[in-house]
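Trainee: File coords-v1.cif below, mmCIF, C-alpha atoms:
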```
data_target
#
loop_
_atom_site.group_PDB
_atom_site.id
_atom_site.type_symbol
_atom_site.label_atom_id
_atom_site.label_comp_id
_atom_site.auth_asym_id
_atom_site.auth_seq_id
_atom_site.Cartn_x
_atom_site.Cartn_y
_atom_site.Cartn_z
ATOM 1 C CA MET A 1 -21.187 21.780 18.555
ATOM 2 C CA LYS A 2 -22.365 21.645 14.953
ATOM 3 C CA GLN A 3 -22.451 18.147 13.488
ATOM 4 C CA GLN A 4 -20.575 17.332 10.320
ATOM 5 C CA THR A 5 -22.783 16.459 7.350
ATOM 6 C CA GLY A 6 -20.037 14.274 5.884
ATOM 7 C CA THR A 7 -19.401 13.348 2.273
ATOM 8 C CA ASN A 8 -23.061 12.826 1.429
ATOM 9 C CA THR A 9 -22.648 12.980 -2.323
ATOM 10 C CA GLN A 10 -23.961 10.537 -4.870
ATOM 11 C CA ASP A 11 -20.467 9.755 -6.122
ATOM 12 C CA SER A 12 -19.188 8.517 -2.754
ATOM 13 C CA PHE A 13 -19.437 5.057 -1.219
ATOM 14 C CA LEU A 14 -20.861 5.813 2.223
ATOM 15 C CA GLU A 15 -21.103 3.583 5.282
ATOM 16 C CA SER A 16 -22.228 4.233 8.834
ATOM 17 C CA ILE A 17 -19.564 4.786 11.448
ATOM 18 C CA GLU A 18 -21.071 1.903 13.405
ATOM 19 C CA SER A 19 -20.584 -0.540 10.504
ATOM 20 C CA ILE A 20 -17.003 0.596 9.991
ATOM 21 C CA LEU A 21 -16.056 0.352 13.673
ATOM 22 C CA ASN A 22 -17.861 -2.978 14.031
ATOM 23 C CA ARG A 23 -15.528 -4.469 11.433
ATOM 24 C CA ARG A 24 -12.500 -3.311 13.348
ATOM 25 C CA LYS A 25 -12.467 -3.383 17.135
ATOM 26 C CA PHE A 26 -15.922 -2.658 18.558
ATOM 27 C CA SER A 27 -18.411 -5.488 18.866
ATOM 28 C CA THR A 28 -21.593 -3.807 20.111
ATOM 29 C CA HIS A 29 -23.652 -0.697 19.458
ATOM 30 C CA ARG A 30 -23.276 0.231 23.122
ATOM 31 C CA SER A 31 -19.473 0.146 23.011
ATOM 32 C CA ILE A 32 -19.445 2.285 19.851
ATOM 33 C CA ARG A 33 -21.847 4.829 21.345
ATOM 34 C CA LYS A 34 -19.740 5.034 24.513
ATOM 35 C CA PHE A 35 -16.599 5.501 22.418
ATOM 36 C CA LEU A 36 -18.117 8.385 20.453
ATOM 37 C CA GLN A 37 -19.512 10.097 23.550
ATOM 38 C CA SER A 38 -16.306 9.712 25.556
ATOM 39 C CA ASN A 39 -13.896 10.872 22.862
ATOM 40 C CA ASN A 40 -13.501 13.756 20.468
ATOM 41 C CA PHE A 41 -13.972 11.776 17.255
ATOM 42 C CA CYS A 42 -13.978 14.079 14.244
ATOM 43 C CA VAL A 43 -14.728 13.634 10.546
ATOM 44 C CA ASN A 44 -13.212 16.349 8.380
ATOM 45 C CA GLY A 45 -12.697 18.455 11.504
ATOM 46 C CA MET A 46 -16.215 18.162 12.918
ATOM 47 C CA ARG A 47 -17.089 16.086 15.975
ATOM 48 C CA ILE A 48 -19.409 13.109 15.456
ATOM 49 C CA THR A 49 -21.428 11.488 18.252
ATOM 50 C CA ASN A 50 -24.071 9.674 16.176
ATOM 51 C CA SER A 51 -22.993 6.128 15.236
ATOM 52 C CA SER A 52 -25.374 6.057 12.247
ATOM 53 C CA HIS A 53 -23.575 8.991 10.631
ATOM 54 C CA LYS A 54 -22.368 7.983 7.152
ATOM 55 C CA VAL A 55 -18.834 8.611 5.972
ATOM 56 C CA SER A 56 -16.509 7.691 3.122
ATOM 57 C CA LEU A 57 -13.317 5.785 3.872
ATOM 58 C CA PHE A 58 -12.147 6.872 0.423
ATOM 59 C CA LYS A 59 -12.515 10.637 0.884
ATOM 60 C CA ASP A 60 -13.048 11.613 4.520
ATOM 61 C CA SER A 61 -10.328 12.262 7.105
ATOM 62 C CA PHE A 62 -10.595 11.251 10.762
ATOM 63 C CA THR A 63 -9.070 12.423 14.028
ATOM 64 C CA LEU A 64 -9.365 11.129 17.583
ATOM 65 C CA ASN A 65 -8.770 13.591 20.430
ATOM 66 C CA GLY A 66 -6.841 15.850 18.107
ATOM 67 C CA SER A 67 -4.585 13.200 16.523
ATOM 68 C CA PRO A 68 -4.945 11.494 13.127
ATOM 69 C CA PHE A 69 -7.086 8.370 13.405
ATOM 70 C CA ILE A 70 -6.327 5.863 10.665
ATOM 71 C CA LEU A 71 -9.270 3.818 9.424
ATOM 72 C CA GLU A 72 -7.826 1.556 6.755
ATOM 73 C CA LYS A 73 -9.917 1.073 3.626
ATOM 74 C CA ASP A 74 -11.432 -2.317 3.077
ATOM 75 C CA LEU A 75 -10.148 -4.316 0.140
ATOM 76 C CA TYR A 76 -12.276 -4.834 -2.989
ATOM 77 C CA LEU A 77 -10.985 -6.941 -5.897
ATOM 78 C CA ILE A 78 -12.433 -8.131 -9.205
ATOM 79 C CA LEU A 79 -11.125 -11.283 -10.914
ATOM 80 C CA ASN A 80 -11.849 -12.668 -14.379
ATOM 81 C CA LYS A 81 -11.974 -16.317 -13.309
ATOM 82 C CA THR A 82 -11.377 -19.209 -15.698
ATOM 83 C CA LYS A 83 -12.577 -22.780 -15.256
ATOM 84 C CA GLY A 84 -10.413 -25.123 -13.189
ATOM 85 C CA PHE A 85 -10.301 -22.959 -10.057
ATOM 86 C CA ILE A 86 -12.455 -23.535 -7.006
ATOM 87 C CA CYS A 87 -13.831 -20.806 -4.734
ATOM 88 C CA THR A 88 -12.564 -22.142 -1.407
ATOM 89 C CA THR A 89 -9.502 -21.259 0.612
ATOM 90 C CA LYS A 90 -8.114 -24.812 0.469
ATOM 91 C CA ASP A 91 -8.702 -27.861 -1.710
ATOM 92 C CA ASN A 92 -6.771 -31.085 -2.201
ATOM 93 C CA LEU A 93 -7.776 -31.616 -5.831
ATOM 94 C CA PHE A 94 -8.002 -28.229 -7.517
ATOM 95 C CA PRO A 95 -6.223 -24.863 -7.278
ATOM 96 C CA THR A 96 -8.254 -22.192 -5.509
ATOM 97 C CA VAL A 97 -9.028 -18.674 -6.693
ATOM 98 C CA TYR A 98 -7.063 -17.370 -3.705
ATOM 99 C CA SER A 99 -3.876 -18.788 -5.245
ATOM 100 C CA LEU A 100 -4.294 -16.226 -8.035
ATOM 101 C CA ILE A 101 -4.129 -13.283 -5.619
ATOM 102 C CA ASP A 102 -0.719 -11.793 -4.838
ATOM 103 C CA LYS A 103 0.411 -12.203 -1.228
ATOM 104 C CA LYS A 104 0.773 -8.429 -0.874
ATOM 105 C CA TYR A 105 -3.025 -8.125 -0.799
ATOM 106 C CA PHE A 106 -3.278 -10.429 2.182
ATOM 107 C CA GLU A 107 -0.754 -8.203 3.949
ATOM 108 C CA LYS A 108 -3.005 -5.166 3.300
ATOM 109 C CA ILE A 109 -6.021 -6.716 5.005
ATOM 110 C CA PRO A 110 -7.324 -4.536 7.870
ATOM 111 C CA ALA A 111 -7.257 -6.018 11.361
ATOM 112 C CA HIS A 112 -10.241 -8.198 12.296
ATOM 113 C CA SER A 113 -11.029 -8.770 8.589
ATOM 114 C CA THR A 114 -10.747 -11.695 6.176
ATOM 115 C CA LEU A 115 -10.465 -11.616 2.394
ATOM 116 C CA HIS A 116 -13.348 -13.640 0.968
ATOM 117 C CA THR A 117 -15.285 -14.061 -2.246
ATOM 118 C CA ILE A 118 -18.705 -12.471 -2.607
ATOM 119 C CA GLY A 119 -20.586 -15.608 -3.537
ATOM 120 C CA ARG A 120 -18.990 -18.354 -5.600
ATOM 121 C CA LEU A 121 -18.529 -19.584 -9.131
ATOM 122 C CA ASP A 122 -18.481 -23.311 -9.859
ATOM 123 C CA LEU A 123 -15.267 -25.070 -10.872
ATOM 124 C CA ASP A 124 -16.213 -24.927 -14.558
ATOM 125 C CA THR A 125 -17.837 -21.474 -14.487
ATOM 126 C CA GLU A 126 -15.890 -18.458 -15.657
ATOM 127 C CA GLY A 127 -16.164 -14.709 -15.402
ATOM 128 C CA LEU A 128 -16.706 -11.968 -12.857
ATOM 129 C CA LEU A 129 -15.732 -12.891 -9.302
ATOM 130 C CA LEU A 130 -15.508 -10.386 -6.454
ATOM 131 C CA PHE A 131 -13.370 -10.407 -3.313
ATOM 132 C CA THR A 132 -13.623 -8.142 -0.298
ATOM 133 C CA THR A 133 -12.745 -7.801 3.364
ATOM 134 C CA ASN A 134 -16.028 -5.965 3.992
ATOM 135 C CA GLY A 135 -18.538 -8.445 5.408
ATOM 136 C CA ASP A 136 -21.318 -5.842 5.475
ATOM 137 C CA PHE A 137 -20.798 -5.229 1.771
ATOM 138 C CA SER A 138 -20.945 -8.977 1.031
ATOM 139 C CA HIS A 139 -24.192 -9.303 2.959
ATOM 140 C CA ARG A 140 -25.682 -6.412 1.036
ATOM 141 C CA LEU A 141 -24.917 -8.092 -2.292
ATOM 142 C CA LEU A 142 -25.849 -11.655 -1.338
ATOM 143 C CA ASN A 143 -28.941 -11.208 0.821
ATOM 144 C CA PRO A 144 -31.972 -12.374 -1.233
ATOM 145 C CA GLU A 145 -34.010 -9.507 0.197
ATOM 146 C CA PHE A 146 -31.960 -7.022 -1.845
ATOM 147 C CA HIS A 147 -32.570 -8.855 -5.173
ATOM 148 C CA VAL A 148 -29.131 -8.066 -6.577
ATOM 149 C CA GLU A 149 -28.967 -9.263 -10.180
ATOM 150 C CA LYS A 150 -26.299 -11.432 -11.760
ATOM 151 C CA LYS A 151 -26.055 -11.842 -15.536
ATOM 152 C CA TYR A 152 -24.576 -14.926 -17.213
ATOM 153 C CA TYR A 153 -23.530 -15.751 -20.757
ATOM 154 C CA ILE A 154 -24.537 -19.323 -21.640
ATOM 155 C CA LYS A 155 -23.816 -21.766 -24.452
ATOM 156 C CA LEU A 156 -26.492 -24.427 -24.794
ATOM 157 C CA GLU A 157 -26.159 -28.037 -25.850
ATOM 158 C CA LYS A 158 -29.330 -28.001 -28.001
ATOM 159 C CA ASN A 159 -30.409 -25.321 -30.422
ATOM 160 C CA VAL A 160 -33.544 -23.420 -29.437
ATOM 161 C CA THR A 161 -35.985 -22.398 -32.156
ATOM 162 C CA ALA A 162 -37.701 -19.006 -32.164
ATOM 163 C CA GLU A 163 -40.897 -20.614 -30.907
ATOM 164 C CA GLU A 164 -39.035 -22.420 -28.122
ATOM 165 C CA GLN A 165 -37.263 -19.205 -27.182
ATOM 166 C CA SER A 166 -40.632 -17.610 -26.459
ATOM 167 C CA VAL A 167 -41.465 -20.529 -24.171
ATOM 168 C CA TYR A 168 -38.096 -20.181 -22.384
ATOM 169 C CA LYS A 169 -38.695 -16.450 -21.855
ATOM 170 C CA GLN A 170 -42.181 -16.950 -20.461
ATOM 171 C CA LYS A 171 -41.158 -19.750 -18.109
ATOM 172 C CA CYS A 172 -38.211 -17.733 -16.796
ATOM 173 C CA LYS A 173 -40.445 -14.719 -16.303
ATOM 174 C CA GLU A 174 -42.955 -16.789 -14.308
ATOM 175 C CA GLY A 175 -40.289 -18.593 -12.261
ATOM 176 C CA ILE A 176 -39.124 -22.116 -13.009
ATOM 177 C CA PHE A 177 -39.536 -24.980 -10.551
ATOM 178 C CA ILE A 178 -36.137 -26.549 -9.888
ATOM 179 C CA GLU A 179 -36.129 -30.244 -9.090
ATOM 180 C CA ARG A 180 -34.311 -31.651 -6.076
ATOM 181 C CA GLU A 181 -30.621 -32.309 -6.748
ATOM 182 C CA ASN A 182 -28.495 -34.464 -4.445
ATOM 183 C CA ASN A 183 -28.948 -32.943 -0.967
ATOM 184 C CA GLN A 184 -30.387 -29.707 -2.337
ATOM 185 C CA LYS A 185 -34.123 -29.219 -1.993
ATOM 186 C CA GLY A 186 -36.326 -28.386 -4.945
ATOM 187 C CA PHE A 187 -37.529 -24.768 -5.161
ATOM 188 C CA ARG A 188 -39.247 -22.325 -7.461
ATOM 189 C CA ALA A 189 -36.755 -19.853 -8.870
ATOM 190 C CA GLY A 190 -37.716 -16.220 -8.804
ATOM 191 C CA PRO A 191 -38.504 -14.316 -12.001
ATOM 192 C CA ALA A 192 -35.551 -14.262 -14.397
ATOM 193 C CA LEU A 193 -34.771 -12.692 -17.754
ATOM 194 C CA ILE A 194 -33.429 -14.735 -20.666
ATOM 195 C CA SER A 195 -32.409 -13.178 -23.987
ATOM 196 C CA PHE A 196 -31.035 -15.072 -26.981
ATOM 197 C CA ILE A 197 -27.999 -14.151 -29.054
ATOM 198 C CA SER A 198 -28.334 -17.163 -31.335
ATOM 199 C CA GLU A 199 -30.087 -20.532 -31.280
ATOM 200 C CA ASN A 200 -27.582 -21.911 -28.784
ATOM 201 C CA GLU A 201 -26.340 -18.782 -26.987
ATOM 202 C CA CYS A 202 -28.170 -16.631 -24.477
ATOM 203 C CA TYR A 203 -27.897 -14.341 -21.475
ATOM 204 C CA LEU A 204 -29.689 -15.205 -18.253
ATOM 205 C CA THR A 205 -30.202 -12.636 -15.503
ATOM 206 C CA ILE A 206 -31.218 -13.863 -12.047
ATOM 207 C CA SER A 207 -31.539 -12.197 -8.649
ATOM 208 C CA GLU A 208 -30.755 -15.303 -6.602
ATOM 209 C CA GLY A 209 -27.684 -17.465 -6.225
ATOM 210 C CA LYS A 210 -28.665 -20.934 -5.105
ATOM 211 C CA PHE A 211 -26.634 -24.094 -5.636
ATOM 212 C CA HIS A 212 -25.962 -24.610 -9.386
ATOM 213 C CA GLN A 213 -29.018 -22.466 -10.047
ATOM 214 C CA VAL A 214 -28.310 -21.445 -13.647
ATOM 215 C CA LYS A 215 -27.479 -24.990 -14.711
ATOM 216 C CA ARG A 216 -30.543 -26.361 -12.924
ATOM 217 C CA MET A 217 -32.808 -23.760 -14.532
ATOM 218 C CA ILE A 218 -31.567 -24.665 -18.002
ATOM 219 C CA LYS A 219 -31.973 -28.351 -17.167
ATOM 220 C CA ALA A 220 -35.590 -27.670 -16.166
ATOM 221 C CA LEU A 221 -36.049 -26.195 -19.653
ATOM 222 C CA GLN A 222 -34.953 -29.536 -21.120
ATOM 223 C CA ASN A 223 -31.542 -28.278 -22.197
ATOM 224 C CA LYS A 224 -27.983 -28.301 -20.861
ATOM 225 C CA VAL A 225 -25.304 -25.692 -20.200
ATOM 226 C CA THR A 226 -22.056 -26.398 -22.045
ATOM 227 C CA TYR A 227 -20.354 -23.109 -21.125
ATOM 228 C CA LEU A 228 -21.149 -20.580 -18.405
ATOM 229 C CA LYS A 229 -19.650 -17.178 -17.700
ATOM 230 C CA ARG A 230 -20.795 -14.455 -15.321
ATOM 231 C CA VAL A 231 -20.573 -11.120 -17.133
ATOM 232 C CA GLN A 232 -22.335 -8.745 -14.761
ATOM 233 C CA PHE A 233 -22.948 -8.327 -11.023
ATOM 234 C CA ALA A 234 -25.547 -5.676 -10.153
ATOM 235 C CA SER A 235 -24.696 -2.758 -12.476
ATOM 236 C CA LEU A 236 -21.011 -3.707 -12.722
ATOM 237 C CA CYS A 237 -19.966 -5.425 -15.958
ATOM 238 C CA LEU A 238 -16.875 -7.585 -16.345
ATOM 239 C CA PRO A 239 -14.215 -5.181 -17.715
ATOM 240 C CA GLN A 240 -13.295 -6.061 -21.298
ATOM 241 C CA ASP A 241 -9.623 -5.347 -20.660
ATOM 242 C CA LEU A 242 -9.405 -7.767 -17.719
ATOM 243 C CA LYS A 243 -7.643 -10.845 -19.073
ATOM 244 C CA PRO A 244 -8.432 -14.433 -17.951
ATOM 245 C CA ASN A 245 -7.330 -14.961 -14.316
ATOM 246 C CA GLU A 246 -6.270 -11.323 -14.126
ATOM 247 C CA TYR A 247 -7.514 -9.208 -11.236
ATOM 248 C CA ARG A 248 -7.285 -5.683 -9.879
ATOM 249 C CA GLU A 249 -8.699 -3.450 -7.175
ATOM 250 C CA LEU A 250 -12.128 -1.974 -7.762
ATOM 251 C CA THR A 251 -12.432 1.775 -8.053
ATOM 252 C CA GLU A 252 -14.865 3.632 -5.813
ATOM 253 C CA GLU A 253 -17.025 4.241 -8.892
ATOM 254 C CA GLU A 254 -17.199 0.491 -9.536
ATOM 255 C CA ILE A 255 -18.087 -0.185 -5.899
ATOM 256 C CA LEU A 256 -20.947 2.279 -6.268
ATOM 257 C CA LEU A 257 -22.154 0.372 -9.341
ATOM 258 C CA LEU A 258 -22.429 -2.732 -7.176
ATOM 259 C CA THR A 259 -24.771 -0.909 -4.815
ATOM 260 C CA LYS A 260 -27.043 0.349 -7.578
ATOM 261 C CA LYS A 261 -30.217 -1.634 -8.175
ATOM 262 C CA SER A 262 -30.819 -3.032 -11.655
ATOM 263 C CA THR A 263 -34.308 -3.418 -13.052
ATOM 264 C CA SER A 264 -33.835 -6.134 -15.684
ATOM 265 C CA VAL A 265 -35.786 -8.898 -13.953
#
```
Is it possible to express this structure as structure tokens?
Mentor:
Amino acid sequence: MKQQTGTNTQDSFLESIESILNRRKFSTHRSIRKFLQSNNFCVNGMRITNSSHKVSLFKDSFTLNGSPFILEKDLYLILNKTKGFICTTKDNLFPTVYSLIDKKYFEKIPAHSTLHTIGRLDLDTEGLLLFTTNGDFSHRLLNPEFHVEKKYYIKLEKNVTAEEQSVYKQKCKEGIFIERENNQKGFRAGPALISFISENECYLTISEGKFHQVKRMIKALQNKVTYLKRVQFASLCLPQDLKPNEYRELTEEEILLLTKKSTSV
């Protein structure tokens, strides 16, 4: 039987059938392969037996042995976080970002999934924060091997002259050594891009996400962060119409932006 080519278009968010089934009820490649070989699993009317076949949960339709087979979409949210909220599920001192999300979204979570943030923002850091139930998607965005960029708007305690700005840019480009902090080991940050708006305002783009990294990088430059806001994640910018502590579901187009590689750093 002819195999379905699927929704292999550039404007679709595609995942392998194995990844999708892994997040639901099948735990091993062997069990998924056996399932596909033993059943008439169809995508848009065409039988699929290859677990690496890529499909779109947004656009494709599925049947199993002739009956509709519902594969619920994973949940993807974007929040414009303000300071004062912590990125954990529970905390005795501060409200958590999860308290901002309507309970109806927790009811929409697919079986075997958990709503979680993709990375974290510190208590006093504002801006773009992502939530999802798709663990594979989180891994793709957070794994250092993929070098996904994050861009931050920063206000600095001390003004930086034009000459000093050149030094900042060169040091960020080369990679700044970050001193040990509390229980966190020292490390050399990867190449970063810093651009100045004024003498005490700048954007910093990094492709890592280590503990307090932005603040520690600025500290290593003999300055201090007084305000920090994440404004971009990969190629997705914080929507201008998203008010503080307001959130909404991501569109498929926005999800695709998160999978596109930037080339700033």
Trainee: I would like the residues chosen by the PyMOL selection byres ((chain A and resi 244) around 7) on the shown file; could you give them as a list in words?
Mentor: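 So the PyMOL selection byres ((chain A and resi 244) around 7) ends up selecting Asn80, Lys81, Thr82, Leu242, Lys243, Asn245 and Glu246 of chain A.
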Trainee: What separation in Å, quoted to one decimal, exists between CA of Glu126 (chain A) and CA of Leu257 (chain A)?
Mentor: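 Result for CA of Glu126 (chain A) versus CA of Leu257 (chain A): 20.8 Å, one decimal.
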Trainee: Which neighbours of region 214-223 of chain A fall inside 9 Å, counting all atoms listed in the file, when residues of the same chain fewer than 5 positions from it are skipped, and could you give them as a ChimeraX atom specification?
Mentor: /A:152,156-160,168,171-172,176-179,181,189,204,206,209,228
Trainee: Grab the CA of Lys150 (chain A) to CA of Tyr247 (chain A) distance for me, in Å with one decimal place.
Mentor: 18.9 Å
Trainee: In Å, how far is it from CA of Asn65 (chain A) to CA of Phe13 (chain A)?
Mentor: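 Pair CA of Asn65 (chain A) / CA of Phe13 (chain A) returns 25.6 Å.
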Trainee: Can you tell me which residues surround region 98-105 of chain A at a distance of at most 10 Å, considering only C-alpha atoms, apart from same-chain residues fewer than 3 positions away, and format the answer as number ranges by chain?
Mentor: A: 75, 77, 79, 81, 85-90, 95, 108-109, 115-117, 131, 245-249
Trainee: Using the chain letters and residue numbers of this document, give as an MDAnalysis selection string the residues selected by the PyMOL selection byres ((chain A and resi 121) around 9).
Mentor: chainID A and resid 81 85:87 119:120 122:129 212 229:230
Trainee: Expanded to explicit residues, what is the PyMOL selection byres ((chain A and resi 42) around 12) for this file, as a tab-separated table (two decimals) with C-alpha atoms, in the frame of the given file?
Mentor:
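Wrote it out as part-v9.tsv, contents follow:
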```tsv
chain	number	residue	atom	x	y	z
A	1	MET	CA	-21.19	21.78	18.56
A	2	LYS	CA	-22.36	21.64	14.95
A	3	GLN	CA	-22.45	18.15	13.49
A	4	GLN	CA	-20.58	17.33	10.32
A	5	THR	CA	-22.78	16.46	7.35
A	6	GLY	CA	-20.04	14.27	5.88
A	17	ILE	CA	-19.56	4.79	11.45
A	36	LEU	CA	-18.12	8.38	20.45
A	37	GLN	CA	-19.51	10.10	23.55
A	39	ASN	CA	-13.90	10.87	22.86
A	40	ASN	CA	-13.50	13.76	20.47
A	41	PHE	CA	-13.97	11.78	17.26
A	43	VAL	CA	-14.73	13.63	10.55
A	44	ASN	CA	-13.21	16.35	8.38
A	45	GLY	CA	-12.70	18.45	11.50
A	46	MET	CA	-16.22	18.16	12.92
A	47	ARG	CA	-17.09	16.09	15.98
A	48	ILE	CA	-19.41	13.11	15.46
A	49	THR	CA	-21.43	11.49	18.25
A	50	ASN	CA	-24.07	9.67	16.18
A	53	HIS	CA	-23.58	8.99	10.63
A	55	VAL	CA	-18.83	8.61	5.97
A	60	ASP	CA	-13.05	11.61	4.52
A	61	SER	CA	-10.33	12.26	7.10
A	62	PHE	CA	-10.60	11.25	10.76
A	63	THR	CA	-9.07	12.42	14.03
A	64	LEU	CA	-9.36	11.13	17.58
A	65	ASN	CA	-8.77	13.59	20.43
A	66	GLY	CA	-6.84	15.85	18.11
A	67	SER	CA	-4.58	13.20	16.52
A	68	PRO	CA	-4.94	11.49	13.13
A	69	PHE	CA	-7.09	8.37	13.40
A	70	ILE	CA	-6.33	5.86	10.66
```
Trainee: Around region 230-241 of chain A, with edges along x, y and z and 5 Å added on all six sides, what centre and edge lengths do you get, in Å to one decimal, as JSON?
Mentor:
```
{"center_x": -17.6, "center_y": -8.6, "center_z": -15.7, "size_x": 25.9, "size_y": 21.7, "size_z": 21.1}
```
Trainee: Can you pull out the residues contacting Phe146 (chain A)? Cut-off 10 Å, using all atoms listed in the file, and skip same-chain residues under 5 positions away; I want them as a ChimeraX atom specification.
Mentor: /A:139-141,207-208,259,261
Trainee: Near Phe233 (chain A), counting only C-alpha atoms, which residues have an atom at most 7 Å away, once you skip same-chain residues fewer than 4 positions from it, shown as an MDAnalysis selection string?
Mentor: chainID A and resid 149:151 237 258
